[in-house]
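S.K.: Sending over a structure as structure tokens; questions will come in a sec.
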Amino acid sequence: MRALYQVDMVKEDPSKALAWGREELSETAMEFAETLLLGVVAHLKEIDDALAEASRDWDLGRMPAMDRNVLRVAAYEVLFSKDTPEAAAINEAVDLAKAYGTEDSGRFVNGVLASLVSKKGKPGPVSK
């Protein structure tokens with residue numbers, strides 16, 4: 001999350017943003033973090049389009065930065081990762097939003113992701 005936040009807020013290069021975790025994380029955790037970050041960055045337009053549709057009248061730029069980035073990671077997992085069950089991605093995102101966001105972040109993130117999942121299999125920009 002910290003690396004994606006840096007990429008989003010200060011336009012940090014993803015590989016530089018990941019450097020902080022090399023000493024803090026195990027090799028397995030670091031590989032997972034790198035997969036998530038690079039996956040979000042590679043699919044950012046598709047992810048943001050899907051979130052914009054799922055968030056009903058919420059412009060991504062108006063969302064608190066932490067909520068936006070929690071949603072991006074979870075959306076990447078829901079839309080592009082075959083390794084993470086949707087429910088696990090949503091639960092982790094809600095927990096992160098509650099821990100690092102505002103008082104309403106958990107409910108907001110849950111609602112947007114529930115909408116994203118419900119639209120996922122339907123024709124339109126969210127279908128994958």
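Please note that chains go A, B, ... in the order of the structure tokens, that every chain numbers its residues from 1, and that ligands are numbered from 1 in the order shown.
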For Leu51 in chain A, work out the shell of residues within 9 Å, counting only C-alpha atoms and skipping chain neighbours fewer than 4 positions away, then give it as a ChimeraX atom specification.
M.R.: /A:46-47,55-56,60,68,71-72,75,112-113,115-116,126
S.K.: Those same residues - C-alpha atoms - I'd like them written as an mmCIF file, in the first residue's frame.
M.R.:
data_model
loop_
_atom_site.group_PDB
_atom_site.id
_atom_site.type_symbol
_atom_site.label_atom_id
_atom_site.label_comp_id
_atom_site.auth_asym_id
_atom_site.auth_seq_id
_atom_site.Cartn_x
_atom_site.Cartn_y
_atom_site.Cartn_z
ATOM 1 C CA GLU A 46 -8.900 -0.343 -16.803
ATOM 2 C CA ILE A 47 -8.995 -0.455 -13.004
ATOM 3 C CA SER A 55 -18.466 3.907 -7.363
ATOM 4 C CA ARG A 56 -21.620 5.610 -8.611
ATOM 5 C CA LEU A 60 -11.676 8.927 -8.232
ATOM 6 C CA ARG A 68 -8.560 5.094 -3.871
ATOM 7 C CA LEU A 71 -9.729 0.060 -4.063
ATOM 8 C CA ARG A 72 -7.157 -0.159 -6.857
ATOM 9 C CA ALA A 75 -9.905 -4.223 -8.035
ATOM 10 C CA VAL A 112 -17.695 -0.029 -4.245
ATOM 11 C CA LEU A 113 -16.125 -3.492 -4.390
ATOM 12 C CA SER A 115 -20.737 -3.161 -6.973
ATOM 13 C CA LEU A 116 -17.589 -3.993 -8.954
ATOM 14 C CA VAL A 126 -16.168 -3.835 -16.093
#
S.K.: Excluding same-chain residues fewer than 4 positions from range 80-88 of chain A, what lies within 10 Å of it counting only C-alpha atoms, as a VMD selection string?
M.R.: chain A and resid 35 to 36 39 to 40 43 47 74 to 76 92 to 94 113 to 114 117 128
S.K.: Expressed in Å to a single decimal, how great is the separation between CA of Tyr100 in chain A and CA of Val41 in chain A?
M.R.: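 Value for the CA of Tyr100 in chain A-CA of Val41 in chain A distance: 21.1 Å.
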S.K.: Any idea what the distance is between CA of Thr102 in chain A and CA of Ser15 in chain A?
M.R.: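 Separation of CA of Thr102 in chain A and CA of Ser15 in chain A: 28.4 Å.
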S.K.: Compile the contact shell of Pro64 in chain A as an MDAnalysis selection string: residues with an atom at most 12 Å away, counting only C-alpha atoms, same-chain residues fewer than 3 positions apart removed.
M.R.: chainID A and resid 5 8:9 58:61 67:71 97 100:105 108:109
S.K.: Measuring atom to atom with only C-alpha atoms, identify which of A:Gly106, A:Glu53, A:Asn91, A:Pro14 is nearest to Met66 in chain A.
M.R.: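 When distances to Met66 in chain A are compared using only C-alpha atoms, the smallest one comes from A:Gly106.
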S.K.: One decimal, in Å: what's the spacing between CA of Met30 in chain A and CA of Ala42 in chain A?
M.R.: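 That distance, rounded to one decimal, is 17.9 Å.
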S.K.: Return as a compact mmCIF listing (two decimals) with all heavy atoms, in the first residue's frame the full set of residues in range 30-101 of chain A whose backbone-based DSSP assignment is alpha helix (DSSP H).
M.R.:
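Written output follows (part00.txt):
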# COMPACT_ATOMS: atom_id res chain seq x y z
N MET A 30 7.62 -9.69 -0.42
CA MET A 30 8.11 -8.68 -1.35
C MET A 30 7.69 -9.02 -2.79
O MET A 30 7.28 -8.13 -3.54
CB MET A 30 9.63 -8.58 -1.24
CG MET A 30 10.21 -7.39 -1.94
SD MET A 30 9.58 -5.86 -1.20
CE MET A 30 9.81 -4.77 -2.56
N GLU A 31 7.77 -10.27 -3.15
CA GLU A 31 7.34 -10.69 -4.49
C GLU A 31 5.85 -10.42 -4.69
O GLU A 31 5.44 -9.96 -5.75
CB GLU A 31 7.66 -12.17 -4.72
CG GLU A 31 9.13 -12.45 -4.89
CD GLU A 31 9.46 -13.93 -4.93
OE1 GLU A 31 8.52 -14.77 -4.95
OE2 GLU A 31 10.66 -14.26 -4.94
N PHE A 32 5.06 -10.70 -3.65
CA PHE A 32 3.63 -10.45 -3.73
C PHE A 32 3.35 -8.96 -3.86
O PHE A 32 2.54 -8.53 -4.69
CB PHE A 32 2.91 -11.04 -2.52
CG PHE A 32 1.42 -10.90 -2.56
CD1 PHE A 32 0.67 -11.53 -3.54
CD2 PHE A 32 0.75 -10.14 -1.61
CE1 PHE A 32 -0.71 -11.41 -3.59
CE2 PHE A 32 -0.63 -10.02 -1.64
CZ PHE A 32 -1.36 -10.65 -2.63
N ALA A 33 4.02 -8.15 -3.07
CA ALA A 33 3.85 -6.69 -3.14
C ALA A 33 4.21 -6.16 -4.52
O ALA A 33 3.51 -5.32 -5.09
CB ALA A 33 4.70 -6.01 -2.07
N GLU A 34 5.30 -6.68 -5.06
CA GLU A 34 5.73 -6.25 -6.40
C GLU A 34 4.71 -6.65 -7.46
O GLU A 34 4.39 -5.86 -8.35
CB GLU A 34 7.10 -6.86 -6.71
CG GLU A 34 7.68 -6.38 -8.02
CD GLU A 34 9.11 -6.86 -8.22
OE1 GLU A 34 9.53 -7.84 -7.57
OE2 GLU A 34 9.79 -6.25 -9.05
N THR A 35 4.19 -7.87 -7.36
CA THR A 35 3.16 -8.32 -8.30
C THR A 35 1.94 -7.42 -8.25
O THR A 35 1.42 -7.01 -9.29
CB THR A 35 2.75 -9.78 -7.99
OG1 THR A 35 3.89 -10.62 -8.17
CG2 THR A 35 1.62 -10.25 -8.89
N LEU A 36 1.49 -7.09 -7.04
CA LEU A 36 0.33 -6.22 -6.90
C LEU A 36 0.60 -4.83 -7.46
O LEU A 36 -0.19 -4.29 -8.24
CB LEU A 36 -0.10 -6.12 -5.44
CG LEU A 36 -0.73 -7.34 -4.82
CD1 LEU A 36 -1.04 -7.08 -3.35
CD2 LEU A 36 -1.99 -7.76 -5.56
N LEU A 37 1.71 -4.22 -7.06
CA LEU A 37 2.01 -2.87 -7.50
C LEU A 37 2.15 -2.79 -9.01
O LEU A 37 1.53 -1.95 -9.66
CB LEU A 37 3.29 -2.34 -6.84
CG LEU A 37 3.73 -0.95 -7.30
CD1 LEU A 37 2.70 0.10 -6.93
CD2 LEU A 37 5.08 -0.60 -6.70
N LEU A 38 2.95 -3.68 -9.59
CA LEU A 38 3.16 -3.64 -11.04
C LEU A 38 1.88 -4.00 -11.79
O LEU A 38 1.62 -3.45 -12.87
CB LEU A 38 4.32 -4.55 -11.42
CG LEU A 38 5.67 -4.14 -10.84
CD1 LEU A 38 6.77 -5.13 -11.25
CD2 LEU A 38 6.05 -2.71 -11.22
N GLY A 39 1.07 -4.88 -11.22
CA GLY A 39 -0.20 -5.21 -11.85
C GLY A 39 -1.16 -4.03 -11.86
O GLY A 39 -1.80 -3.74 -12.87
N VAL A 40 -1.23 -3.33 -10.73
CA VAL A 40 -2.09 -2.13 -10.67
C VAL A 40 -1.61 -1.08 -11.66
O VAL A 40 -2.39 -0.52 -12.42
CB VAL A 40 -2.15 -1.55 -9.24
CG1 VAL A 40 -2.83 -0.19 -9.23
CG2 VAL A 40 -2.87 -2.51 -8.30
N VAL A 41 -0.31 -0.83 -11.68
CA VAL A 41 0.24 0.18 -12.59
C VAL A 41 -0.01 -0.21 -14.05
O VAL A 41 -0.42 0.62 -14.86
CB VAL A 41 1.76 0.39 -12.31
CG1 VAL A 41 2.40 1.24 -13.38
CG2 VAL A 41 1.95 1.03 -10.94
N ALA A 42 0.18 -1.48 -14.39
CA ALA A 42 -0.01 -1.93 -15.77
C ALA A 42 -1.47 -1.84 -16.22
O ALA A 42 -1.74 -1.62 -17.40
CB ALA A 42 0.48 -3.37 -15.92
N LEU A 44 -3.84 0.26 -14.74
CA LEU A 44 -4.43 1.39 -14.04
C LEU A 44 -5.64 1.98 -14.74
O LEU A 44 -6.67 2.25 -14.11
CB LEU A 44 -3.38 2.47 -13.78
CG LEU A 44 -3.82 3.61 -12.87
CD1 LEU A 44 -4.20 3.09 -11.49
CD2 LEU A 44 -2.71 4.64 -12.75
N LYS A 45 -5.58 2.18 -16.03
CA LYS A 45 -6.71 2.77 -16.77
C LYS A 45 -7.95 1.88 -16.66
O LYS A 45 -9.04 2.36 -16.36
CB LYS A 45 -6.34 3.00 -18.23
CG LYS A 45 -7.51 3.37 -19.13
CD LYS A 45 -7.52 4.83 -19.47
CE LYS A 45 -8.58 5.18 -20.51
NZ LYS A 45 -9.93 5.25 -20.01
N GLU A 46 -7.77 0.59 -16.89
CA GLU A 46 -8.90 -0.34 -16.80
C GLU A 46 -9.46 -0.40 -15.38
O GLU A 46 -10.68 -0.42 -15.19
CB GLU A 46 -8.47 -1.74 -17.21
CG GLU A 46 -8.05 -1.85 -18.68
CD GLU A 46 -7.18 -3.06 -18.91
OE1 GLU A 46 -5.98 -3.01 -18.56
OE2 GLU A 46 -7.71 -4.07 -19.42
N ILE A 47 -8.58 -0.42 -14.41
CA ILE A 47 -8.99 -0.46 -13.00
C ILE A 47 -9.76 0.81 -12.64
O ILE A 47 -10.84 0.76 -12.06
CB ILE A 47 -7.78 -0.66 -12.08
CG1 ILE A 47 -7.24 -2.08 -12.24
CG2 ILE A 47 -8.13 -0.35 -10.62
CD1 ILE A 47 -5.88 -2.30 -11.60
N ASP A 48 -9.20 1.97 -13.00
CA ASP A 48 -9.86 3.23 -12.67
C ASP A 48 -11.21 3.36 -13.39
O ASP A 48 -12.18 3.86 -12.81
CB ASP A 48 -8.96 4.41 -12.99
CG ASP A 48 -7.88 4.63 -11.95
OD1 ASP A 48 -7.86 3.90 -10.92
OD2 ASP A 48 -7.03 5.53 -12.15
N ASP A 49 -11.29 2.91 -14.63
CA ASP A 49 -12.57 2.94 -15.35
C ASP A 49 -13.61 2.06 -14.65
O ASP A 49 -14.76 2.46 -14.47
CB ASP A 49 -12.40 2.48 -16.79
CG ASP A 49 -11.67 3.50 -17.67
OD1 ASP A 49 -11.48 4.66 -17.23
OD2 ASP A 49 -11.28 3.12 -18.79
N ALA A 50 -13.19 0.87 -14.24
CA ALA A 50 -14.10 -0.05 -13.55
C ALA A 50 -14.54 0.53 -12.20
O ALA A 50 -15.72 0.45 -11.84
CB ALA A 50 -13.43 -1.41 -13.36
N LEU A 51 -13.61 1.12 -11.48
CA LEU A 51 -13.95 1.73 -10.18
C LEU A 51 -14.85 2.94 -10.35
O LEU A 51 -15.76 3.15 -9.54
CB LEU A 51 -12.68 2.11 -9.42
CG LEU A 51 -11.87 0.94 -8.88
CD1 LEU A 51 -10.54 1.43 -8.30
CD2 LEU A 51 -12.67 0.17 -7.84
N ALA A 52 -14.62 3.73 -11.38
CA ALA A 52 -15.47 4.90 -11.62
C ALA A 52 -16.91 4.46 -11.88
O ALA A 52 -17.86 5.06 -11.35
CB ALA A 52 -14.94 5.70 -12.80
N GLU A 53 -17.07 3.39 -12.64
CA GLU A 53 -18.42 2.89 -12.89
C GLU A 53 -19.04 2.29 -11.62
O GLU A 53 -20.20 2.49 -11.33
CB GLU A 53 -18.41 1.84 -13.99
CG GLU A 53 -19.81 1.31 -14.24
CD GLU A 53 -19.97 0.65 -15.58
OE1 GLU A 53 -19.28 1.00 -16.53
OE2 GLU A 53 -20.82 -0.25 -15.64
N ALA A 54 -18.24 1.57 -10.86
CA ALA A 54 -18.75 0.90 -9.67
C ALA A 54 -19.01 1.85 -8.51
O ALA A 54 -19.80 1.56 -7.62
CB ALA A 54 -17.77 -0.19 -9.23
N ALA A 65 -7.07 9.56 -0.83
CA ALA A 65 -6.02 8.81 -1.52
C ALA A 65 -5.89 7.37 -1.01
O ALA A 65 -5.69 6.45 -1.80
CB ALA A 65 -4.69 9.54 -1.40
N MET A 66 -6.02 7.18 0.29
CA MET A 66 -5.89 5.81 0.81
C MET A 66 -7.03 4.94 0.31
O MET A 66 -6.81 3.80 -0.11
CB MET A 66 -5.84 5.83 2.34
CG MET A 66 -5.50 4.48 2.92
SD MET A 66 -3.96 3.73 2.29
CE MET A 66 -2.73 4.79 3.03
N ASP A 67 -8.26 5.45 0.32
CA ASP A 67 -9.40 4.68 -0.18
C ASP A 67 -9.19 4.32 -1.66
O ASP A 67 -9.42 3.19 -2.07
CB ASP A 67 -10.70 5.46 -0.04
CG ASP A 67 -11.15 5.66 1.39
OD1 ASP A 67 -10.46 5.17 2.32
OD2 ASP A 67 -12.19 6.32 1.59
N ARG A 68 -8.77 5.30 -2.43
CA ARG A 68 -8.56 5.09 -3.87
C ARG A 68 -7.54 3.98 -4.11
O ARG A 68 -7.74 3.10 -4.94
CB ARG A 68 -8.10 6.41 -4.50
CG ARG A 68 -7.83 6.34 -5.98
CD ARG A 68 -7.48 7.69 -6.59
NE ARG A 68 -6.35 8.34 -5.94
CZ ARG A 68 -6.43 9.49 -5.28
NH1 ARG A 68 -7.59 10.11 -5.15
NH2 ARG A 68 -5.36 10.02 -4.74
N ASN A 69 -6.47 3.99 -3.36
CA ASN A 69 -5.42 3.00 -3.58
C ASN A 69 -5.76 1.63 -3.02
O ASN A 69 -5.40 0.61 -3.61
CB ASN A 69 -4.08 3.53 -3.09
CG ASN A 69 -3.59 4.61 -4.03
OD1 ASN A 69 -3.36 4.35 -5.20
ND2 ASN A 69 -3.48 5.83 -3.54
N VAL A 70 -6.49 1.59 -1.92
CA VAL A 70 -7.00 0.31 -1.42
C VAL A 70 -7.94 -0.29 -2.47
O VAL A 70 -7.87 -1.49 -2.78
CB VAL A 70 -7.73 0.49 -0.07
CG1 VAL A 70 -8.55 -0.73 0.29
CG2 VAL A 70 -6.73 0.82 1.04
N LEU A 71 -8.81 0.53 -3.02
CA LEU A 71 -9.73 0.06 -4.06
C LEU A 71 -8.97 -0.43 -5.30
O LEU A 71 -9.35 -1.44 -5.90
CB LEU A 71 -10.70 1.17 -4.46
CG LEU A 71 -11.82 1.45 -3.47
CD1 LEU A 71 -12.51 2.77 -3.78
CD2 LEU A 71 -12.82 0.30 -3.47
N ARG A 72 -7.93 0.26 -5.68
CA ARG A 72 -7.16 -0.16 -6.86
C ARG A 72 -6.54 -1.54 -6.67
O ARG A 72 -6.57 -2.37 -7.57
CB ARG A 72 -6.07 0.87 -7.17
CG ARG A 72 -6.61 2.12 -7.82
CD ARG A 72 -5.55 3.18 -7.96
NE ARG A 72 -6.01 4.28 -8.80
CZ ARG A 72 -5.44 5.47 -8.82
NH1 ARG A 72 -4.37 5.72 -8.06
NH2 ARG A 72 -5.92 6.42 -9.61
N VAL A 73 -5.96 -1.77 -5.50
CA VAL A 73 -5.33 -3.08 -5.25
C VAL A 73 -6.40 -4.18 -5.28
O VAL A 73 -6.23 -5.22 -5.94
CB VAL A 73 -4.57 -3.10 -3.91
CG1 VAL A 73 -4.14 -4.51 -3.55
CG2 VAL A 73 -3.36 -2.18 -3.98
N ALA A 74 -7.50 -3.96 -4.58
CA ALA A 74 -8.56 -4.97 -4.55
C ALA A 74 -9.17 -5.18 -5.94
O ALA A 74 -9.45 -6.32 -6.33
CB ALA A 74 -9.63 -4.57 -3.55
N ALA A 75 -9.36 -4.10 -6.68
CA ALA A 75 -9.91 -4.22 -8.04
C ALA A 75 -8.95 -5.02 -8.93
O ALA A 75 -9.40 -5.85 -9.73
CB ALA A 75 -10.18 -2.85 -8.63
N TYR A 76 -7.66 -4.78 -8.78
CA TYR A 76 -6.70 -5.58 -9.55
C TYR A 76 -6.86 -7.06 -9.22
O TYR A 76 -6.91 -7.91 -10.12
CB TYR A 76 -5.26 -5.13 -9.27
CG TYR A 76 -4.25 -6.10 -9.83
CD1 TYR A 76 -3.97 -6.11 -11.19
CD2 TYR A 76 -3.62 -7.02 -9.01
CE1 TYR A 76 -3.07 -7.03 -11.72
CE2 TYR A 76 -2.73 -7.94 -9.53
CZ TYR A 76 -2.45 -7.95 -10.89
OH TYR A 76 -1.59 -8.87 -11.41
N GLU A 77 -6.97 -7.36 -7.94
CA GLU A 77 -7.11 -8.77 -7.55
C GLU A 77 -8.42 -9.37 -8.07
O GLU A 77 -8.44 -10.49 -8.56
CB GLU A 77 -7.02 -8.90 -6.03
CG GLU A 77 -5.62 -8.64 -5.51
CD GLU A 77 -5.50 -8.83 -4.02
OE1 GLU A 77 -6.23 -8.15 -3.28
OE2 GLU A 77 -4.69 -9.67 -3.62
N VAL A 78 -9.51 -8.62 -7.99
CA VAL A 78 -10.81 -9.11 -8.44
C VAL A 78 -10.83 -9.28 -9.96
O VAL A 78 -11.34 -10.28 -10.48
CB VAL A 78 -11.94 -8.16 -7.98
CG1 VAL A 78 -13.24 -8.44 -8.70
CG2 VAL A 78 -12.12 -8.25 -6.47
N LEU A 79 -10.27 -8.33 -10.68
CA LEU A 79 -10.38 -8.34 -12.13
C LEU A 79 -9.28 -9.12 -12.86
O LEU A 79 -9.52 -9.65 -13.94
CB LEU A 79 -10.40 -6.90 -12.67
CG LEU A 79 -11.57 -6.04 -12.21
CD1 LEU A 79 -11.36 -4.59 -12.67
CD2 LEU A 79 -12.89 -6.58 -12.74
N PHE A 80 -8.10 -9.19 -12.27
CA PHE A 80 -6.97 -9.75 -13.01
C PHE A 80 -6.25 -10.91 -12.35
O PHE A 80 -5.50 -11.62 -13.02
CB PHE A 80 -5.94 -8.64 -13.31
CG PHE A 80 -6.50 -7.54 -14.16
CD1 PHE A 80 -6.93 -6.35 -13.59
CD2 PHE A 80 -6.64 -7.70 -15.53
CE1 PHE A 80 -7.46 -5.33 -14.37
CE2 PHE A 80 -7.17 -6.70 -16.32
CZ PHE A 80 -7.58 -5.51 -15.74
N GLU A 86 -12.23 -13.52 -4.60
CA GLU A 86 -12.86 -12.20 -4.51
C GLU A 86 -13.16 -11.82 -3.07
O GLU A 86 -12.89 -10.69 -2.65
CB GLU A 86 -14.15 -12.15 -5.34
CG GLU A 86 -13.91 -12.19 -6.82
CD GLU A 86 -15.19 -12.27 -7.63
OE1 GLU A 86 -16.29 -12.45 -7.05
OE2 GLU A 86 -15.09 -12.15 -8.86
N ALA A 87 -13.71 -12.75 -2.32
CA ALA A 87 -14.08 -12.45 -0.92
C ALA A 87 -12.85 -12.07 -0.10
O ALA A 87 -12.91 -11.16 0.73
CB ALA A 87 -14.80 -13.64 -0.29
N ALA A 88 -11.74 -12.75 -0.33
CA ALA A 88 -10.50 -12.44 0.40
C ALA A 88 -10.00 -11.04 0.03
O ALA A 88 -9.58 -10.28 0.90
CB ALA A 88 -9.43 -13.48 0.11
N ALA A 89 -10.04 -10.71 -1.25
CA ALA A 89 -9.60 -9.38 -1.69
C ALA A 89 -10.46 -8.29 -1.06
O ALA A 89 -9.95 -7.27 -0.59
CB ALA A 89 -9.65 -9.29 -3.22
N ILE A 90 -11.76 -8.51 -1.03
CA ILE A 90 -12.67 -7.52 -0.45
C ILE A 90 -12.45 -7.40 1.05
O ILE A 90 -12.37 -6.29 1.58
CB ILE A 90 -14.14 -7.87 -0.78
CG1 ILE A 90 -14.37 -7.71 -2.29
CG2 ILE A 90 -15.10 -6.99 0.02
CD1 ILE A 90 -15.70 -8.25 -2.78
N ASN A 91 -12.35 -8.52 1.75
CA ASN A 91 -12.14 -8.48 3.20
C ASN A 91 -10.84 -7.76 3.56
O ASN A 91 -10.81 -6.94 4.49
CB ASN A 91 -12.14 -9.89 3.79
CG ASN A 91 -13.52 -10.49 3.81
OD1 ASN A 91 -14.53 -9.80 3.78
ND2 ASN A 91 -13.58 -11.81 3.85
N GLU A 92 -9.77 -8.06 2.84
CA GLU A 92 -8.49 -7.38 3.09
C GLU A 92 -8.60 -5.88 2.83
O GLU A 92 -8.08 -5.06 3.58
CB GLU A 92 -7.38 -7.98 2.21
CG GLU A 92 -6.82 -9.27 2.72
CD GLU A 92 -6.07 -9.09 4.03
OE1 GLU A 92 -5.26 -8.15 4.16
OE2 GLU A 92 -6.31 -9.91 4.94
N ALA A 93 -9.28 -5.52 1.74
CA ALA A 93 -9.43 -4.11 1.41
C ALA A 93 -10.23 -3.37 2.48
O ALA A 93 -9.87 -2.25 2.87
CB ALA A 93 -10.12 -3.97 0.04
N VAL A 94 -11.29 -3.98 2.95
CA VAL A 94 -12.10 -3.35 4.00
C VAL A 94 -11.27 -3.18 5.27
O VAL A 94 -11.31 -2.13 5.91
CB VAL A 94 -13.40 -4.16 4.26
CG1 VAL A 94 -14.12 -3.67 5.51
CG2 VAL A 94 -14.32 -4.07 3.04
N ASP A 95 -10.51 -4.21 5.63
CA ASP A 95 -9.65 -4.11 6.82
C ASP A 95 -8.62 -2.99 6.67
O ASP A 95 -8.39 -2.22 7.62
CB ASP A 95 -8.94 -5.43 7.10
CG ASP A 95 -9.87 -6.50 7.63
OD1 ASP A 95 -11.01 -6.18 8.06
OD2 ASP A 95 -9.47 -7.69 7.62
N LEU A 96 -8.00 -2.89 5.50
CA LEU A 96 -7.03 -1.81 5.26
C LEU A 96 -7.70 -0.44 5.31
O LEU A 96 -7.15 0.50 5.89
CB LEU A 96 -6.34 -1.99 3.90
CG LEU A 96 -5.28 -3.06 3.82
CD1 LEU A 96 -4.88 -3.31 2.36
CD2 LEU A 96 -4.06 -2.67 4.65
N ALA A 97 -8.87 -0.34 4.71
CA ALA A 97 -9.58 0.94 4.71
C ALA A 97 -9.95 1.36 6.13
O ALA A 97 -9.82 2.53 6.49
CB ALA A 97 -10.84 0.82 3.84
N LYS A 98 -10.38 0.41 6.94
CA LYS A 98 -10.72 0.72 8.33
C LYS A 98 -9.48 1.15 9.12
O LYS A 98 -9.54 2.06 9.95
CB LYS A 98 -11.34 -0.50 9.01
CG LYS A 98 -12.76 -0.78 8.59
CD LYS A 98 -13.28 -2.03 9.29
CE LYS A 98 -14.69 -2.35 8.92
NZ LYS A 98 -15.15 -3.60 9.59
N ALA A 99 -8.36 0.50 8.84
CA ALA A 99 -7.13 0.79 9.58
C ALA A 99 -6.48 2.10 9.17
O ALA A 99 -5.93 2.82 10.01
CB ALA A 99 -6.12 -0.35 9.41
N TYR A 100 -6.54 2.45 7.88
CA TYR A 100 -5.78 3.60 7.38
C TYR A 100 -6.63 4.72 6.80
O TYR A 100 -6.11 5.78 6.49
CB TYR A 100 -4.77 3.14 6.33
CG TYR A 100 -3.75 2.18 6.89
CD1 TYR A 100 -3.81 0.83 6.61
CD2 TYR A 100 -2.74 2.64 7.72
CE1 TYR A 100 -2.88 -0.06 7.13
CE2 TYR A 100 -1.81 1.77 8.25
CZ TYR A 100 -1.89 0.42 7.95
OH TYR A 100 -0.98 -0.44 8.48
